[in-house]
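A.B. asks: Handing you a structure now.
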2 protein chains.
Amino acid sequence: MKLSTRSRYGTRLMLDLAEHYLAGPVHLSSVARDQGISVKYLEQIIIPLKKANYVKSVRGPKGGHILAKPPEEITIGEIVALLEDGARLTECADNPLICERSPVCATRYLWREAAQAMFEKLESITLADLVCRAKAEADKEPDHV
Amino acid sequence: MKLSTRSRYGTRLMLDLAEHYLAGPVHLSSVARDQGISVKYLEQIIIPLKKANYVKSVRGPKGGHILAKPPEEITIGEIVALLEDGARLTECADNPLICERSPVCATRYLWREAAQAMFEKLESITLADLVCRAKAEADKEPDHV
DNA sequence: GCTATACTATACTTAAATAATATAGATCAA
DNA sequence: TTGATCTATATTATTTAAGTATAGTATAGC
């Protein structure tokens with residue numbers, strides 16, 4: 001039940017785009033450098049984010065990727081739900097038919113409640129919040145002492 | 001980020017033991033039958049539960065497994081944390097040293113908060129609560145119409 | 001003490017998902 | 001029209017999950 005690199009890297013990618021939102025499109029190669037993730041893998045992760053209209057791309061020289069809406073309007077919960085397989089911890093959560101025990105399964109509700117608690121938390125935090133936090137982190141821990 | 005069968009089956013195993021708590025030890029073979037899980041796999045899952053003293057075993061004829069303490073004193077959160085790899089969603093949550101980015105990583109806290117929200121929920125529910133729920137489920141959905 | 005019944009420990013196998021890389025191609029601003 | 005950039009698809013390697021098999025060890029009760 002660990003978070004996959006897909007949603008962890010995806011969140012860092014979105015954070016990076018959020019930090020550069022006002023400055024315009026960012027190359028994935030620059031995100032790759034900053035975040036220590038391969039360009040190829042980022043290209044793969046960004047696809048669903050574009051399809052879901054969180055990110056748009058600008059082609060040609062001076063192109064790159066940019067958030068499709070302001071960082072205030074995108075929550076971490078949305079990103080994680082998109083990159084993991086929905087806002088849930090089990091298949092049966094929204095699709096009881098996949099398991100014949102669903103009608104009498106007391107544990108099924110547990111997993112729904114746990115997922116709900118977790119995603120409510122993540123949905124309460126926006127990319128803009130995260131940018132603030134990152135800034136605070138950077139101030140606390142300067143590169144040079 | 002799906003829950004593994006390990007913690008899902010483990011929870012159902014514990015629920016089964018809780019339901020029979022007053023009646024004495026239960027054979028894993030009977031749990032296996034009731035829950036539709038192989039005995040061999042249950043034997044594997046029960047090991048950490050015994051080591052952590054949630055379950056004790058009675059050997060010999062008429063033996064089996066029984067909760068080491070009343071269902072009221074065991075929470076689902078404890079079970080899941082034991083069978084998954086701790087009450088967390090990422091390695092870095094309690095062990096920042098495994099990732100060099102930890103000191104400047106704004107996302108690390110996200111995953112800690114999400115895990116906390118989730119496990120707080122699960123820790124608020126005991127096996128006794130789950131037994132009640134299961135009973136209510138069974139009443140709602142009778143075998144024969 | 002014997003023995004059937006049960007739990008215990010470890011090793012192995014298979015299948016699936018994750019994580020990443022590679023190749024070839026399509027777009028479009030300048 | 002060129003070259004920087006994004007796009008799509010295929011492939012591979014690694015890890016983890018899930019389950020099975022084998023060979024035990026312990027003990028209650030006769």
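Note on naming: chains are A, B, ... as they come in the structure tokens, residues start from 1 per chain, ligands start from 1 in the order shown.
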Quick one: which residues from chain A are at most 12 Å off chain C, using only C-alpha atoms (C1' of nucleotides), as a PyMOL selection string?

C.D. replies: chain A and resi 2-7+9+37-45+57-63+84

A.B. asks: Grab the residues selected above and save them as a PDB file, in the first residue's frame with N, CA and C atoms.

C.D. replies:
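Contents of the output file again06.pdb:
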```
ATOM      1  N   LYS A   2       2.005   1.140  -0.623  1.00  0.00           N
ATOM      2  CA  LYS A   2       2.818   2.346  -0.759  1.00  0.00           C
ATOM      3  C   LYS A   2       2.324   3.164  -1.953  1.00  0.00           C
ATOM      4  N   LEU A   3       2.555   4.451  -1.882  1.00  0.00           N
ATOM      5  CA  LEU A   3       2.276   5.313  -3.016  1.00  0.00           C
ATOM      6  C   LEU A   3       3.258   4.964  -4.129  1.00  0.00           C
ATOM      7  N   SER A   4       2.790   4.937  -5.377  1.00  0.00           N
ATOM      8  CA  SER A   4       3.692   4.616  -6.487  1.00  0.00           C
ATOM      9  C   SER A   4       4.528   5.843  -6.857  1.00  0.00           C
ATOM     10  N   THR A   5       5.640   5.585  -7.552  1.00  0.00           N
ATOM     11  CA  THR A   5       6.461   6.709  -8.005  1.00  0.00           C
ATOM     12  C   THR A   5       5.655   7.569  -8.967  1.00  0.00           C
ATOM     13  N   ARG A   6       4.738   6.917  -9.647  1.00  0.00           N
ATOM     14  CA  ARG A   6       3.887   7.630 -10.607  1.00  0.00           C
ATOM     15  C   ARG A   6       3.203   8.839  -9.961  1.00  0.00           C
ATOM     16  N   SER A   7       2.556   8.637  -8.820  1.00  0.00           N
ATOM     17  CA  SER A   7       1.867   9.781  -8.213  1.00  0.00           C
ATOM     18  C   SER A   7       2.834  10.665  -7.427  1.00  0.00           C
ATOM     19  N   TYR A   9       6.114  11.228  -8.236  1.00  0.00           N
ATOM     20  CA  TYR A   9       6.817  12.033  -9.236  1.00  0.00           C
ATOM     21  C   TYR A   9       5.855  13.010  -9.889  1.00  0.00           C
ATOM     22  N   ILE A  37      14.470  13.178 -12.158  1.00  0.00           N
ATOM     23  CA  ILE A  37      13.608  12.145 -12.749  1.00  0.00           C
ATOM     24  C   ILE A  37      13.881  12.154 -14.248  1.00  0.00           C
ATOM     25  N   SER A  38      13.867  10.976 -14.899  1.00  0.00           N
ATOM     26  CA  SER A  38      14.186  10.951 -16.322  1.00  0.00           C
ATOM     27  C   SER A  38      13.087  11.625 -17.142  1.00  0.00           C
ATOM     28  N   VAL A  39      13.528  12.291 -18.219  1.00  0.00           N
ATOM     29  CA  VAL A  39      12.586  12.972 -19.102  1.00  0.00           C
ATOM     30  C   VAL A  39      11.548  11.984 -19.636  1.00  0.00           C
ATOM     31  N   LYS A  40      12.031  10.828 -20.039  1.00  0.00           N
ATOM     32  CA  LYS A  40      11.152   9.829 -20.635  1.00  0.00           C
ATOM     33  C   LYS A  40      10.028   9.419 -19.692  1.00  0.00           C
ATOM     34  N   TYR A  41      10.388   9.288 -18.443  1.00  0.00           N
ATOM     35  CA  TYR A  41       9.377   8.873 -17.472  1.00  0.00           C
ATOM     36  C   TYR A  41       8.395  10.018 -17.222  1.00  0.00           C
ATOM     37  N   LEU A  42       8.908  11.218 -17.179  1.00  0.00           N
ATOM     38  CA  LEU A  42       8.025  12.375 -17.008  1.00  0.00           C
ATOM     39  C   LEU A  42       7.048  12.497 -18.174  1.00  0.00           C
ATOM     40  N   GLU A  43       7.557  12.242 -19.371  1.00  0.00           N
ATOM     41  CA  GLU A  43       6.688  12.319 -20.556  1.00  0.00           C
ATOM     42  C   GLU A  43       5.518  11.357 -20.440  1.00  0.00           C
ATOM     43  N   GLN A  44       5.810  10.221 -19.823  1.00  0.00           N
ATOM     44  CA  GLN A  44       4.777   9.206 -19.667  1.00  0.00           C
ATOM     45  C   GLN A  44       3.758   9.626 -18.601  1.00  0.00           C
ATOM     46  N   ILE A  45       4.267  10.201 -17.541  1.00  0.00           N
ATOM     47  CA  ILE A  45       3.404  10.584 -16.425  1.00  0.00           C
ATOM     48  C   ILE A  45       2.528  11.780 -16.770  1.00  0.00           C
ATOM     49  N   SER A  57       0.362  21.815 -23.326  1.00  0.00           N
ATOM     50  CA  SER A  57       1.722  21.874 -23.845  1.00  0.00           C
ATOM     51  C   SER A  57       1.817  22.889 -24.965  1.00  0.00           C
ATOM     52  N   VAL A  58       2.997  23.473 -25.081  1.00  0.00           N
ATOM     53  CA  VAL A  58       3.277  24.447 -26.124  1.00  0.00           C
ATOM     54  C   VAL A  58       4.429  23.883 -26.947  1.00  0.00           C
ATOM     55  N   ARG A  59       4.185  23.692 -28.227  1.00  0.00           N
ATOM     56  CA  ARG A  59       5.210  23.043 -29.069  1.00  0.00           C
ATOM     57  C   ARG A  59       6.177  24.052 -29.669  1.00  0.00           C
ATOM     58  N   GLY A  60       7.201  23.484 -30.258  1.00  0.00           N
ATOM     59  CA  GLY A  60       8.182  24.310 -30.943  1.00  0.00           C
ATOM     60  C   GLY A  60       9.199  24.910 -29.993  1.00  0.00           C
ATOM     61  N   PRO A  61      10.139  25.705 -30.561  1.00  0.00           N
ATOM     62  CA  PRO A  61      11.165  26.361 -29.729  1.00  0.00           C
ATOM     63  C   PRO A  61      10.482  27.245 -28.692  1.00  0.00           C
ATOM     64  N   LYS A  62      11.069  27.354 -27.544  1.00  0.00           N
ATOM     65  CA  LYS A  62      10.490  28.113 -26.417  1.00  0.00           C
ATOM     66  C   LYS A  62       9.203  27.470 -25.883  1.00  0.00           C
ATOM     67  N   GLY A  63       8.969  26.240 -26.309  1.00  0.00           N
ATOM     68  CA  GLY A  63       7.768  25.554 -25.845  1.00  0.00           C
ATOM     69  C   GLY A  63       8.000  24.890 -24.501  1.00  0.00           C
ATOM     70  N   GLU A  84      -2.958   7.544  -9.415  1.00  0.00           N
ATOM     71  CA  GLU A  84      -3.233   6.213  -8.894  1.00  0.00           C
ATOM     72  C   GLU A  84      -4.522   5.800  -9.608  1.00  0.00           C
TER      73      GLU A  84
END
```

A.B. asks: Please find the residues of chain D near chain B - the criterion being any atom within 7 Å, counting only C-alpha atoms (C1' of nucleotides) - and write them as a list in words.

C.D. replies: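 Listed by rising number, the hits are DG19, DA26, DT27 and DA28 of chain D.
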
A.B. asks: For chain B against chain A, with a cut-off of 7 Å and counting only C-alpha atoms, what is the closest atom pair and its distance in Å to one decimal for every residue that makes the cut, ordered by chain and number, as a tab-separated table?

C.D. replies:
```
residue	atom	partner	partner_atom	distance
B:Met1	CA	A:Met1	CA	4.8
B:Lys2	CA	A:Leu89	CA	4.7
B:Leu3	CA	A:Met1	CA	4.8
B:Ser4	CA	A:Met1	CA	6.2
B:Glu84	CA	A:Met1	CA	6.6
B:Leu89	CA	A:Lys2	CA	4.7
B:Thr90	CA	A:Lys2	CA	5.6
B:Val104	CA	A:Glu137	CA	5.8
B:Ala106	CA	A:Ala134	CA	4.9
B:Ala114	CA	A:Met118	CA	5.0
B:Ala115	CA	A:Met118	CA	6.7
B:Ala117	CA	A:Met118	CA	5.3
B:Met118	CA	A:Met118	CA	4.8
B:Lys121	CA	A:Ala114	CA	6.0
B:Leu122	CA	A:Ala114	CA	6.4
B:Leu130	CA	A:Ala106	CA	6.8
B:Arg133	CA	A:Ala106	CA	6.1
B:Ala134	CA	A:Ala106	CA	4.9
B:Glu137	CA	A:Val104	CA	5.8
B:Ala138	CA	A:Val104	CA	6.2
```

A.B. asks: Near Pro25 in chain A, counting only C-alpha atoms (C1' of nucleotides), which residues have an atom at most 10 Å away, once you skip same-chain residues fewer than 2 positions from it, shown as a PyMOL selection string?

C.D. replies: chain A and resi 17+20-23+27-28+56-59+62-67

A.B. asks: Separation of CA of Ala68 in chain A and CA of Asn53 in chain A, in Å?

C.D. replies: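 Value for the CA of Ala68 in chain A-CA of Asn53 in chain A distance: 6.3 Å.
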
A.B. asks: Give me, please, the distance in Å between CA of Val31 in chain B and CA of Ile46 in chain B, quoted to one decimal.

C.D. replies: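 Spanning CA of Val31 in chain B to CA of Ile46 in chain B is a straight-line distance of 11.6 Å.
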
A.B. asks: Output as a PyMOL selection string all residues of chain A that backbone DSSP marks as alpha helix (DSSP H).

C.D. replies: chain A and resi 5-19+28-35+39-51+76-83+107-123+127-140

A.B. asks: Those residues you just picked out, can you put them in a file as a CSV table (one decimal), in the first residue's frame with C-alpha atoms?

C.D. replies:
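Once everything was written out, this is part_35.csv:
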```
chain,number,residue,atom,x,y,z
A,5,THR,CA,6.5,6.7,-8.0
A,6,ARG,CA,3.9,7.6,-10.6
A,7,SER,CA,1.9,9.8,-8.2
A,8,ARG,CA,4.9,10.9,-6.2
A,9,TYR,CA,6.8,12.0,-9.2
A,10,GLY,CA,3.6,13.4,-10.8
A,11,THR,CA,3.0,15.6,-7.8
A,12,ARG,CA,6.6,16.9,-7.9
A,13,LEU,CA,6.2,17.6,-11.6
A,14,MET,CA,3.0,19.6,-10.9
A,15,LEU,CA,4.7,21.4,-8.1
A,16,ASP,CA,7.5,22.3,-10.5
A,17,LEU,CA,5.0,23.6,-13.0
A,18,ALA,CA,3.2,25.5,-10.3
A,19,GLU,CA,6.4,27.2,-9.2
A,28,LEU,CA,10.4,18.7,-19.1
A,29,SER,CA,14.1,18.5,-19.4
A,30,SER,CA,14.4,21.3,-16.9
A,31,VAL,CA,11.9,19.5,-14.6
A,32,ALA,CA,13.9,16.3,-15.0
A,33,ARG,CA,17.1,18.1,-14.0
A,34,ASP,CA,15.5,19.9,-11.0
A,35,GLN,CA,13.7,16.8,-9.7
A,39,VAL,CA,12.6,13.0,-19.1
A,40,LYS,CA,11.2,9.8,-20.6
A,41,TYR,CA,9.4,8.9,-17.5
A,42,LEU,CA,8.0,12.4,-17.0
A,43,GLU,CA,6.7,12.3,-20.6
A,44,GLN,CA,4.8,9.2,-19.7
A,45,ILE,CA,3.4,10.6,-16.4
A,46,ILE,CA,2.3,13.9,-17.9
A,47,ILE,CA,0.0,12.2,-20.5
A,48,PRO,CA,-3.0,11.6,-18.1
A,49,LEU,CA,-2.5,15.1,-16.6
A,50,LYS,CA,-2.9,16.6,-20.0
A,51,LYS,CA,-5.8,14.4,-20.9
A,76,ILE,CA,-3.2,17.3,-4.6
A,77,GLY,CA,-6.1,14.9,-4.2
A,78,GLU,CA,-7.1,15.4,-7.8
A,79,ILE,CA,-3.5,14.7,-9.0
A,80,VAL,CA,-3.1,11.6,-6.8
A,81,ALA,CA,-6.6,10.2,-7.7
A,82,LEU,CA,-5.7,10.6,-11.4
A,83,LEU,CA,-2.3,9.0,-11.2
A,107,THR,CA,-14.5,-4.8,5.7
A,108,ARG,CA,-15.4,-3.2,2.4
A,109,TYR,CA,-16.7,-0.1,4.2
A,110,LEU,CA,-13.5,0.1,6.2
A,111,TRP,CA,-11.5,0.6,3.1
A,112,ARG,CA,-13.9,3.1,1.7
A,113,GLU,CA,-13.8,5.2,4.9
A,114,ALA,CA,-10.0,5.0,5.1
A,115,ALA,CA,-9.7,6.1,1.5
A,116,GLN,CA,-12.2,8.9,2.1
A,117,ALA,CA,-10.2,10.2,5.1
A,118,MET,CA,-7.0,10.2,3.1
A,119,PHE,CA,-8.3,11.9,0.0
A,120,GLU,CA,-10.2,14.5,2.0
A,121,LYS,CA,-6.9,15.5,3.5
A,122,LEU,CA,-5.2,15.6,0.1
A,123,GLU,CA,-8.1,17.5,-1.5
A,127,LEU,CA,-0.7,23.3,-5.5
A,128,ALA,CA,-0.6,26.9,-4.4
A,129,ASP,CA,-0.4,25.7,-0.8
A,130,LEU,CA,2.4,23.4,-1.7
A,131,VAL,CA,4.4,26.1,-3.4
A,132,CYS,CA,4.2,28.1,-0.2
A,133,ARG,CA,5.4,25.2,1.8
A,134,ALA,CA,8.2,24.5,-0.6
A,135,LYS,CA,9.3,28.1,-0.3
A,136,ALA,CA,9.3,27.9,3.5
A,137,GLU,CA,11.4,24.7,3.3
A,138,ALA,CA,13.9,26.4,1.1
A,139,ASP,CA,14.3,29.3,3.4
A,140,LYS,CA,14.8,27.1,6.4
```

A.B. asks: Would you compute the distance between CA of Ile98 in chain A and C1' of DA18 in chain D? Give it in Å to one decimal.

C.D. replies: 18.2 Å
